[in-house]
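Q: The structure that follows is given in the form of structure tokens.
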Amino acid sequence: MAHSTTDNNLYNSAQDNIVDYSLIRNMLRSIGSQHWSVLKAMDEYDVPEDKREIYMETIAEKFFVS
């Protein structure tokens, strides 16, 4: 099943940021297989400094169980 662009992106109107879920999936794969930290994955995948907070929040909220 094909996914639309909106399926791969989360629009956060409050901060006007876009999160690319395909990038997050790739980072999570590397975190698991390479035993990287989230920060290491962001460095390796060249996530811009100004987007890192929203990526960190999205990963924590959507992909980690507390």
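Simple scheme: letters A, B, ... for chains in structure tokens order, numbers from 1 for residues in each chain, numbers from 1 for ligands in the order shown.
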Contacts of Arg52 in chain A at 12 Å or less, counting only C-alpha atoms, minus same-chain residues fewer than 5 places along, as a list in words?
A: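 Once the adjacent positions are removed, what remains is Asn17, Ile18, Val19, Asp20, Ile24, Val38, Leu39, Lys40, Ala41, Met42, Asp43, Tyr45, Asp46, Val47, Glu57, Thr58 and Ile59 of chain A.
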